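J.: Just one file: my_file04.pdb, with PDB, C-alpha atoms.
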MODEL        1
ATOM      1  CA  MET A   1      -6.960 -27.135 -10.531
ATOM      2  CA  LYS A   2      -8.391 -27.246 -14.054
ATOM      3  CA  TYR A   3     -11.584 -28.730 -12.600
ATOM      4  CA  LEU A   4     -11.954 -25.848 -10.130
ATOM      5  CA  VAL A   5     -11.520 -23.288 -12.918
ATOM      6  CA  THR A   6     -14.125 -25.160 -14.986
ATOM      7  CA  VAL A   7     -16.593 -24.992 -12.082
ATOM      8  CA  LEU A   8     -16.042 -21.251 -11.677
ATOM      9  CA  LEU A   9     -16.625 -20.694 -15.394
ATOM     10  CA  CYS A  10     -19.831 -22.753 -15.329
ATOM     11  CA  CYS A  11     -21.102 -20.614 -12.457
ATOM     12  CA  SER A  12     -20.793 -17.533 -14.660
ATOM     13  CA  PHE A  13     -23.375 -18.924 -17.095
ATOM     14  CA  LEU A  14     -25.783 -19.722 -14.269
ATOM     15  CA  THR A  15     -25.679 -16.103 -13.116
ATOM     16  CA  LEU A  16     -26.792 -14.775 -16.508
ATOM     17  CA  PHE A  17     -30.458 -15.423 -15.710
ATOM     18  CA  GLY A  18     -32.899 -13.241 -13.770
ATOM     19  CA  GLN A  19     -31.002  -9.953 -13.605
ATOM     20  CA  ARG A  20     -34.128  -7.768 -13.117
ATOM     21  CA  ASN A  21     -35.388  -6.243  -9.836
ATOM     22  CA  ARG A  22     -31.890  -6.339  -8.447
ATOM     23  CA  GLN A  23     -31.227  -5.916  -4.734
ATOM     24  CA  GLN A  24     -27.554  -6.771  -4.306
ATOM     25  CA  ILE A  25     -25.517  -6.108  -1.159
ATOM     26  CA  SER A  26     -23.041  -3.213  -1.351
ATOM     27  CA  SER A  27     -20.532  -2.980   1.501
ATOM     28  CA  ALA A  28     -17.228  -1.645   2.807
ATOM     29  CA  ASP A  29     -15.197  -4.651   3.934
ATOM     30  CA  LEU A  30     -12.291  -5.844   6.048
ATOM     31  CA  ILE A  31     -10.381  -8.748   4.468
ATOM     32  CA  TYR A  32      -8.316 -11.691   5.719
ATOM     33  CA  GLY A  33      -7.115 -14.563   3.562
ATOM     34  CA  PHE A  34      -4.299 -16.578   2.061
ATOM     35  CA  ARG A  35      -2.884 -17.449  -1.347
ATOM     36  CA  THR A  36      -1.530 -20.811  -2.508
ATOM     37  CA  LEU A  37       0.763 -20.627  -5.534
ATOM     38  CA  HIS A  38       0.549 -22.786  -8.634
ATOM     39  CA  ARG A  39       4.298 -23.516  -8.527
ATOM     40  CA  PRO A  40       7.343 -22.646  -6.358
ATOM     41  CA  MET A  41       8.785 -19.130  -6.432
ATOM     42  CA  PHE A  42      12.433 -20.119  -5.953
ATOM     43  CA  GLY A  43      14.911 -22.444  -7.615
ATOM     44  CA  GLU A  44      17.043 -25.094  -5.980
ATOM     45  CA  GLY A  45      18.845 -24.233  -2.759
ATOM     46  CA  VAL A  46      16.102 -22.286  -0.970
ATOM     47  CA  LYS A  47      14.960 -24.496   1.897
ATOM     48  CA  GLN A  48      11.673 -22.934   2.912
ATOM     49  CA  LYS A  49       9.306 -22.012   0.081
ATOM     50  CA  TYR A  50       5.784 -20.658  -0.187
ATOM     51  CA  SER A  51       2.966 -23.182  -0.065
ATOM     52  CA  THR A  52       2.045 -24.553  -3.516
ATOM     53  CA  PHE A  53      -0.572 -26.894  -4.963
ATOM     54  CA  SER A  54       1.962 -29.721  -5.170
ATOM     55  CA  ASN A  55       3.498 -29.023  -1.744
ATOM     56  CA  PHE A  56       0.807 -27.511   0.442
ATOM     57  CA  GLN A  57       1.987 -26.363   3.888
ATOM     58  CA  TRP A  58      -0.455 -24.928   6.410
ATOM     59  CA  ALA A  59       2.266 -22.724   7.909
ATOM     60  CA  GLN A  60       3.487 -21.266   4.608
ATOM     61  CA  PRO A  61       0.672 -19.704   2.551
ATOM     62  CA  LEU A  62       0.919 -16.041   1.616
ATOM     63  CA  GLN A  63      -1.396 -14.580   4.259
ATOM     64  CA  PHE A  64      -2.864 -11.128   3.725
ATOM     65  CA  VAL A  65      -5.074  -8.522   5.403
ATOM     66  CA  GLY A  66      -6.660  -5.430   3.956
ATOM     67  CA  ALA A  67      -9.819  -3.573   3.032
ATOM     68  CA  GLY A  68     -12.150  -3.300   0.093
ATOM     69  CA  ILE A  69     -15.423  -1.982  -1.209
ATOM     70  CA  THR A  70     -18.082  -3.877  -3.125
ATOM     71  CA  VAL A  71     -20.508  -1.950  -5.323
ATOM     72  CA  LEU A  72     -23.599  -3.897  -6.336
ATOM     73  CA  GLY A  73     -26.957  -2.785  -7.643
ATOM     74  CA  ASP A  74     -28.757  -0.291  -9.864
ATOM     75  CA  SER A  75     -26.525   2.660  -8.927
ATOM     76  CA  ILE A  76     -24.161   1.747 -11.773
ATOM     77  CA  ASP A  77     -26.695   0.105 -14.079
ATOM     78  CA  THR A  78     -26.561   1.787 -17.487
ATOM     79  CA  GLY A  79     -28.126   1.003 -20.812
ATOM     80  CA  GLY A  80     -29.763  -2.177 -19.587
ATOM     81  CA  LYS A  81     -26.376  -3.712 -18.712
ATOM     82  CA  PHE A  82     -25.634  -4.644 -15.138
ATOM     83  CA  PHE A  83     -22.282  -4.095 -13.439
ATOM     84  CA  ILE A  84     -21.062  -5.547 -10.142
ATOM     85  CA  GLY A  85     -17.544  -4.741  -9.035
ATOM     86  CA  ASN A  86     -15.197  -4.462  -6.099
ATOM     87  CA  ALA A  87     -11.800  -3.015  -5.306
ATOM     88  CA  GLN A  88      -9.377  -4.402  -2.724
ATOM     89  CA  ILE A  89      -6.006  -3.387  -1.342
ATOM     90  CA  VAL A  90      -4.229  -5.906   0.884
ATOM     91  CA  ALA A  91      -0.807  -6.350   2.475
ATOM     92  CA  TYR A  92       0.981  -9.699   2.613
ATOM     93  CA  LEU A  93       1.962 -10.449   6.190
ATOM     94  CA  PRO A  94       5.703 -10.770   6.967
ATOM     95  CA  GLN A  95       6.974 -14.311   6.538
ATOM     96  CA  LYS A  96      10.419 -15.880   7.000
ATOM     97  CA  ILE A  97      12.114 -17.612   4.061
ATOM     98  CA  SER A  98      15.279 -19.701   4.621
ATOM     99  CA  ILE A  99      17.636 -18.853   1.761
ATOM    100  CA  ASN A 100      20.350 -21.225   3.011
ATOM    101  CA  ASP A 101      21.747 -22.604   6.270
ATOM    102  CA  SER A 102      23.066 -19.216   7.396
ATOM    103  CA  LEU A 103      20.702 -16.685   5.791
ATOM    104  CA  THR A 104      17.024 -16.045   6.510
ATOM    105  CA  ALA A 105      15.056 -13.350   4.678
ATOM    106  CA  LYS A 106      11.686 -11.769   5.372
ATOM    107  CA  SER A 107       8.983 -11.667   2.719
ATOM    108  CA  ARG A 108       6.179  -9.130   2.525
ATOM    109  CA  GLY A 109       4.298  -7.259  -0.184
ATOM    110  CA  PHE A 110       0.994  -5.862  -1.374
ATOM    111  CA  ASN A 111      -1.790  -6.601  -3.820
ATOM    112  CA  PHE A 112      -4.374  -4.407  -5.521
ATOM    113  CA  GLY A 113      -7.378  -6.257  -6.888
ATOM    114  CA  LEU A 114     -10.241  -5.058  -9.067
ATOM    115  CA  THR A 115     -13.235  -6.995 -10.396
ATOM    116  CA  PHE A 116     -15.920  -5.905 -12.830
ATOM    117  CA  LEU A 117     -18.774  -7.249 -14.980
ATOM    118  CA  GLY A 118     -20.034  -9.273 -12.045
ATOM    119  CA  LEU A 119     -23.215 -11.306 -12.219
ATOM    120  CA  ASP A 120     -25.436 -12.412  -9.336
ATOM    121  CA  ALA A 121     -27.261 -15.759  -9.313
ATOM    122  CA  PHE A 122     -29.817 -14.403  -6.796
ATOM    123  CA  PRO A 123     -30.537 -10.837  -7.980
ATOM    124  CA  LYS A 124     -33.899 -10.529  -6.196
ATOM    125  CA  SER A 125     -32.680 -11.522  -2.756
ATOM    126  CA  LYS A 126     -31.998  -8.798  -0.178
ATOM    127  CA  TYR A 127     -30.033 -11.098   2.100
ATOM    128  CA  PHE A 128     -27.971 -13.455  -0.087
ATOM    129  CA  ASP A 129     -25.812 -13.014  -3.182
ATOM    130  CA  LEU A 130     -23.782 -15.470  -5.238
ATOM    131  CA  VAL A 131     -21.584 -13.305  -7.453
ATOM    132  CA  PHE A 132     -19.268 -14.402 -10.250
ATOM    133  CA  ASN A 133     -16.684 -11.826 -11.331
ATOM    134  CA  PHE A 134     -13.851 -11.176 -13.762
ATOM    135  CA  GLY A 135     -10.960  -8.866 -12.895
ATOM    136  CA  PHE A 136      -7.256  -8.660 -12.198
ATOM    137  CA  ASP A 137      -4.635  -8.527  -9.430
ATOM    138  CA  ALA A 138      -1.458  -6.448  -9.508
ATOM    139  CA  GLY A 139       1.239  -6.268  -6.865
ATOM    140  CA  ARG A 140       4.647  -7.355  -5.719
ATOM    141  CA  ILE A 141       6.435  -9.657  -3.289
ATOM    142  CA  LEU A 142       9.455  -8.119  -1.534
ATOM    143  CA  LEU A 143      12.223 -10.227   0.004
ATOM    144  CA  THR A 144      14.667  -8.525   2.384
ATOM    145  CA  SER A 145      17.596  -9.456   4.633
ATOM    146  CA  PRO A 146      20.951  -7.773   5.473
ATOM    147  CA  GLY A 147      22.341  -8.891   2.085
ATOM    148  CA  ILE A 148      19.177  -9.248  -0.028
ATOM    149  CA  HIS A 149      16.620  -6.706  -1.182
ATOM    150  CA  GLN A 150      14.685  -8.086  -4.149
ATOM    151  CA  ARG A 151      11.208  -7.876  -5.640
ATOM    152  CA  ASN A 152       8.928  -9.927  -7.846
ATOM    153  CA  LEU A 153       6.173  -8.023  -9.645
ATOM    154  CA  TYR A 154       3.040  -9.604 -11.072
ATOM    155  CA  PHE A 155      -0.122  -8.872 -13.049
ATOM    156  CA  ALA A 156      -2.770 -11.595 -13.008
ATOM    157  CA  PRO A 157      -6.211 -11.638 -14.676
ATOM    158  CA  LYS A 158      -8.580 -13.545 -12.412
ATOM    159  CA  ILE A 159     -11.996 -15.098 -11.970
ATOM    160  CA  SER A 160     -13.794 -15.146  -8.631
ATOM    161  CA  LEU A 161     -16.822 -16.618  -6.909
ATOM    162  CA  GLN A 162     -18.312 -14.858  -3.874
ATOM    163  CA  PRO A 163     -21.262 -16.049  -1.767
ATOM    164  CA  LYS A 164     -22.380 -13.171   0.467
ATOM    165  CA  VAL A 165     -24.869 -12.936   3.350
ATOM    166  CA  ARG A 166     -26.464  -9.842   4.886
ATOM    167  CA  MET A 167     -27.335  -9.791   8.591
ATOM    168  CA  GLY A 168     -28.785  -6.371   9.362
ATOM    169  CA  PRO A 169     -26.041  -3.775   8.803
ATOM    170  CA  VAL A 170     -23.342  -6.481   8.552
ATOM    171  CA  ALA A 171     -22.286  -8.361   5.418
ATOM    172  CA  LEU A 172     -20.207 -11.558   5.536
ATOM    173  CA  SER A 173     -18.711 -13.332   2.533
ATOM    174  CA  ILE A 174     -16.240 -16.013   1.506
ATOM    175  CA  VAL A 175     -14.359 -15.470  -1.751
ATOM    176  CA  ALA A 176     -12.454 -17.902  -3.985
ATOM    177  CA  GLU A 177     -10.278 -16.415  -6.747
ATOM    178  CA  TYR A 178      -7.907 -17.907  -9.290
ATOM    179  CA  GLY A 179      -5.432 -15.595 -11.017
ATOM    180  CA  TYR A 180      -2.951 -16.345 -13.802
ATOM    181  CA  ASP A 181       0.221 -14.240 -13.686
ATOM    182  CA  LEU A 182       1.149 -12.853 -17.114
ATOM    183  CA  THR A 183       4.633 -11.728 -16.053
ATOM    184  CA  LYS A 184       7.815 -13.791 -16.053
ATOM    185  CA  ASP A 185       8.886 -15.535 -12.884
ATOM    186  CA  LYS A 186      11.900 -13.383 -12.056
ATOM    187  CA  TRP A 187      13.436 -11.814  -8.955
ATOM    188  CA  ARG A 188      14.957  -8.357  -9.480
ATOM    189  CA  LYS A 189      17.035  -6.013  -7.371
ATOM    190  CA  THR A 190      15.204  -3.041  -5.899
ATOM    191  CA  TRP A 191      16.368   0.479  -6.712
ATOM    192  CA  PHE A 192      17.624   1.160  -3.183
ATOM    193  CA  GLY A 193      18.930  -2.288  -2.240
ATOM    194  CA  PRO A 194      22.573  -3.432  -1.971
ATOM    195  CA  ARG A 195      24.259  -3.240  -5.387
ATOM    196  CA  HIS A 196      26.591  -6.200  -4.881
ATOM    197  CA  GLN A 197      23.812  -8.792  -4.476
ATOM    198  CA  ASN A 198      23.026 -11.430  -7.087
ATOM    199  CA  ASN A 199      19.447 -11.929  -8.246
ATOM    200  CA  LEU A 200      17.728 -14.890  -6.618
ATOM    201  CA  THR A 201      17.222 -17.871  -8.889
ATOM    202  CA  PRO A 202      13.555 -18.324  -9.857
ATOM    203  CA  TYR A 203      11.929 -21.709 -10.253
ATOM    204  CA  SER A 204      11.640 -20.946 -13.968
ATOM    205  CA  ASN A 205      11.896 -17.931 -16.224
ATOM    206  CA  LYS A 206       8.435 -18.431 -17.700
ATOM    207  CA  ILE A 207       5.182 -16.553 -17.233
ATOM    208  CA  GLY A 208       2.835 -17.680 -14.481
ATOM    209  CA  GLY A 209       5.202 -17.436 -11.518
ATOM    210  CA  LEU A 210       2.658 -15.956  -9.084
ATOM    211  CA  SER A 211      -0.407 -17.704 -10.478
ATOM    212  CA  GLY A 212      -2.487 -19.188  -7.711
ATOM    213  CA  LEU A 213      -5.666 -19.612  -5.738
ATOM    214  CA  SER A 214      -6.745 -17.076  -3.105
ATOM    215  CA  TRP A 215      -9.299 -17.762  -0.385
ATOM    216  CA  PHE A 216     -10.444 -14.973   1.896
ATOM    217  CA  VAL A 217     -13.264 -13.873   4.147
ATOM    218  CA  THR A 218     -14.730 -10.390   4.299
ATOM    219  CA  LEU A 219     -16.610  -8.693   7.114
ATOM    220  CA  GLY A 220     -18.298  -5.484   6.039
ATOM    221  CA  TYR A 221     -20.724  -2.701   6.742
ATOM    222  CA  VAL A 222     -23.680  -2.574   4.366
ATOM    223  CA  LEU A 223     -23.784   0.671   2.359
TER
ENDMDL
END
Reformat the file's structure so that it appears as structure tokens.
T.:
Amino acid sequence: MKYLVTVLLCCSFLTLFGQRNRQQISSADLIYGFRTLHRPMFGEGVKQKYSTFSNFQWAQPLQFVGAGITVLGDSIDTGGKFFIGNAQIVAYLPQKISINDSLTAKSRGFNFGLTFLGLDAFPKSKYFDLVFNFGFDAGRILLTSPGIHQRNLYFAPKISLQPKVRMGPVALSIVAEYGYDLTKDKWRKTWFGPRHQNNLTPYSNKIGGLSGLSWFVTLGYVL
């Protein structure tokens, strides 16, 4: 993973050149993707866990769908500095988690993502962008069953790389993002959940619990 992060950082320096006569692709987008976590979310005893780097499972990534808007170009160019940004709101699709032999819970959640200070490696192209961005994700994972109602909140600064193609009024892109969660890996009871439940055991009580790599595709209408 450290090699992937190094590649993304190197791309940011490549995009520093040729930022004049900009013609980037702004769009309103539909989003579908998945997230693979850096480490497990649960401690011992939970049979079915989210897909991780060390134990990748095609059937178990955190899948999500949502919408976003990408703003690129001179409309927010001020003082000779160029700004490319996007905002996304996505929902994690429901997913079953086996707590033990007799109890299965459902996981779902949401994520709000924002990027800013983006740079484009092809600023003069009308039909192709390669954008490197900094930003953050914030959201929560909710786990529910008849006896469990718990949440795990996170806040993760991130870096992203987005190649984007324009085909008439349609924009298509593939995005890779890596975010590092600054909150502790901890499951907490929700305000309105059962009061007698015990908190689920996390994999650790350290920061970085929901760190991970997100891959997603966007299909948008050019603005």
J.: Evaluated on this file, the PyMOL selection byres ((chain A and resi 161) around 9) picks out some residues - which ones are they, written as a PDB file with C-alpha atoms, in the frame of the given file?
T.:
ATOM      1  CA  LEU A   8     -16.042 -21.251 -11.677  1.00  0.00           C
ATOM      2  CA  CYS A  11     -21.102 -20.614 -12.457  1.00  0.00           C
ATOM      3  CA  SER A  12     -20.793 -17.533 -14.660  1.00  0.00           C
ATOM      4  CA  LEU A 130     -23.782 -15.470  -5.238  1.00  0.00           C
ATOM      5  CA  VAL A 131     -21.584 -13.305  -7.453  1.00  0.00           C
ATOM      6  CA  PHE A 132     -19.268 -14.402 -10.250  1.00  0.00           C
ATOM      7  CA  ASN A 133     -16.684 -11.826 -11.331  1.00  0.00           C
ATOM      8  CA  ILE A 159     -11.996 -15.098 -11.970  1.00  0.00           C
ATOM      9  CA  SER A 160     -13.794 -15.146  -8.631  1.00  0.00           C
ATOM     10  CA  GLN A 162     -18.312 -14.858  -3.874  1.00  0.00           C
ATOM     11  CA  PRO A 163     -21.262 -16.049  -1.767  1.00  0.00           C
ATOM     12  CA  ILE A 174     -16.240 -16.013   1.506  1.00  0.00           C
ATOM     13  CA  VAL A 175     -14.359 -15.470  -1.751  1.00  0.00           C
ATOM     14  CA  ALA A 176     -12.454 -17.902  -3.985  1.00  0.00           C
ATOM     15  CA  GLU A 177     -10.278 -16.415  -6.747  1.00  0.00           C
TER      16      GLU A 177
END
J.: Could you give me, as a ChimeraX atom specification, the residues that have an atom at most 8 Å away from the point (-9.5, -11.0, -10.3) in the coordinates of the file, using only C-alpha atoms?
T.: /A:113-115,133-137,156-160,177-179
J.: Could you tell me which residues the PyMOL selection byres ((chain A and resi 144) around 12) returns for this structure, as JSON, numbers by chain?
T.: {"A": [94, 95, 96, 97, 98, 99, 103, 104, 105, 106, 107, 108, 109, 141, 142, 143, 145, 146, 147, 148, 149, 150, 151, 152, 187, 188, 189, 190, 192, 193, 194, 197, 200]}
J.: Could you write those residues out with C-alpha atoms, as a short mmCIF file (atom, residue, chain, number, x, y, z; two decimals), keeping the file's coordinate frame?
T.:
data_model
loop_
_atom_site.label_atom_id
_atom_site.label_comp_id
_atom_site.auth_asym_id
_atom_site.auth_seq_id
_atom_site.Cartn_x
_atom_site.Cartn_y
_atom_site.Cartn_z
CA PRO A 94 5.70 -10.77 6.97
CA GLN A 95 6.97 -14.31 6.54
CA LYS A 96 10.42 -15.88 7.00
CA ILE A 97 12.11 -17.61 4.06
CA SER A 98 15.28 -19.70 4.62
CA ILE A 99 17.64 -18.85 1.76
CA LEU A 103 20.70 -16.68 5.79
CA THR A 104 17.02 -16.05 6.51
CA ALA A 105 15.06 -13.35 4.68
CA LYS A 106 11.69 -11.77 5.37
CA SER A 107 8.98 -11.67 2.72
CA ARG A 108 6.18 -9.13 2.52
CA GLY A 109 4.30 -7.26 -0.18
CA ILE A 141 6.44 -9.66 -3.29
CA LEU A 142 9.46 -8.12 -1.53
CA LEU A 143 12.22 -10.23 0.00
CA SER A 145 17.60 -9.46 4.63
CA PRO A 146 20.95 -7.77 5.47
CA GLY A 147 22.34 -8.89 2.08
CA ILE A 148 19.18 -9.25 -0.03
CA HIS A 149 16.62 -6.71 -1.18
CA GLN A 150 14.68 -8.09 -4.15
CA ARG A 151 11.21 -7.88 -5.64
CA ASN A 152 8.93 -9.93 -7.85
CA TRP A 187 13.44 -11.81 -8.96
CA ARG A 188 14.96 -8.36 -9.48
CA LYS A 189 17.04 -6.01 -7.37
CA THR A 190 15.20 -3.04 -5.90
CA PHE A 192 17.62 1.16 -3.18
CA GLY A 193 18.93 -2.29 -2.24
CA PRO A 194 22.57 -3.43 -1.97
CA GLN A 197 23.81 -8.79 -4.48
CA LEU A 200 17.73 -14.89 -6.62
#
J.: Can you work out the spacing between atom CA of A:Leu219 and atom CA of A:Phe128 in Å, to one decimal?
T.: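 A separation of 14.3 Å between them.
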J.: Find the distance between atom CA of A:Ala28 and atom CA of A:Leu223 and write it in Å to one decimal.
T.: 7.0 Å
J.: Do you have the atom CA of A:Gly139-atom CA of A:Phe155 distance handy?
T.: 6.8 Å
J.: Give one line per residue of stretch 120-143 of chain A that approaches stretch 64-72 of chain A to at most 10 Å, naming the two atoms of the closest pair and their distance in Å to one decimal, counting only C-alpha atoms; sort by chain then ascending residue number and deliver it as CSV.
T.:
residue,atom,partner,partner_atom,distance
A:Asp120,CA,A:Leu72,CA,9.2
A:Pro123,CA,A:Leu72,CA,9.9
A:Asp129,CA,A:Leu72,CA,9.9
A:Val131,CA,A:Leu72,CA,9.7
J.: Please expand the PyMOL selection byres ((chain A and resi 171) around 8) into the concrete residues it hits in this file, giving the result as a ChimeraX atom specification.
T.: /A:25,27,164-170,172-173,218-222
J.: With 8 Å as the threshold, what does the neighbourhood of (-2.1, -9.9, -0.5) contain in terms of residues, counting only C-alpha atoms? Coordinates are those of the file; answer as an mmCIF file with C-alpha atoms, in the frame of the given file.
T.:
data_model
loop_
_atom_site.group_PDB
_atom_site.id
_atom_site.type_symbol
_atom_site.label_atom_id
_atom_site.label_comp_id
_atom_site.auth_asym_id
_atom_site.auth_seq_id
_atom_site.Cartn_x
_atom_site.Cartn_y
_atom_site.Cartn_z
ATOM 1 C CA GLY A 33 -7.115 -14.563 3.562
ATOM 2 C CA PHE A 34 -4.299 -16.578 2.061
ATOM 3 C CA ARG A 35 -2.884 -17.449 -1.347
ATOM 4 C CA LEU A 62 0.919 -16.041 1.616
ATOM 5 C CA GLN A 63 -1.396 -14.580 4.259
ATOM 6 C CA PHE A 64 -2.864 -11.128 3.725
ATOM 7 C CA VAL A 65 -5.074 -8.522 5.403
ATOM 8 C CA GLY A 66 -6.660 -5.430 3.956
ATOM 9 C CA ILE A 89 -6.006 -3.387 -1.342
ATOM 10 C CA VAL A 90 -4.229 -5.906 0.884
ATOM 11 C CA ALA A 91 -0.807 -6.350 2.475
ATOM 12 C CA TYR A 92 0.981 -9.699 2.613
ATOM 13 C CA LEU A 93 1.962 -10.449 6.190
ATOM 14 C CA GLY A 109 4.298 -7.259 -0.184
ATOM 15 C CA PHE A 110 0.994 -5.862 -1.374
ATOM 16 C CA ASN A 111 -1.790 -6.601 -3.820
ATOM 17 C CA PHE A 112 -4.374 -4.407 -5.521
#
J.: At a cut-off of 9 Å, using all atoms listed in the file, what residues contact A:Ser211? Leave out same-chain residues fewer than 6 positions from it and give the result as a ChimeraX atom specification.
T.: /A:36-39,154,156,178-182
J.: Take the residues that were just selected and, keeping C-alpha atoms, output them as a PDB file, in the frame of the given file.
T.:
ATOM      1  CA  THR A  36      -1.530 -20.811  -2.508  1.00  0.00           C
ATOM      2  CA  LEU A  37       0.763 -20.627  -5.534  1.00  0.00           C
ATOM      3  CA  HIS A  38       0.549 -22.786  -8.634  1.00  0.00           C
ATOM      4  CA  ARG A  39       4.298 -23.516  -8.527  1.00  0.00           C
ATOM      5  CA  TYR A 154       3.040  -9.604 -11.072  1.00  0.00           C
ATOM      6  CA  ALA A 156      -2.770 -11.595 -13.008  1.00  0.00           C
ATOM      7  CA  TYR A 178      -7.907 -17.907  -9.290  1.00  0.00           C
ATOM      8  CA  GLY A 179      -5.432 -15.595 -11.017  1.00  0.00           C
ATOM      9  CA  TYR A 180      -2.951 -16.345 -13.802  1.00  0.00           C
ATOM     10  CA  ASP A 181       0.221 -14.240 -13.686  1.00  0.00           C
ATOM     11  CA  LEU A 182       1.149 -12.853 -17.114  1.00  0.00           C
TER      12      LEU A 182
END
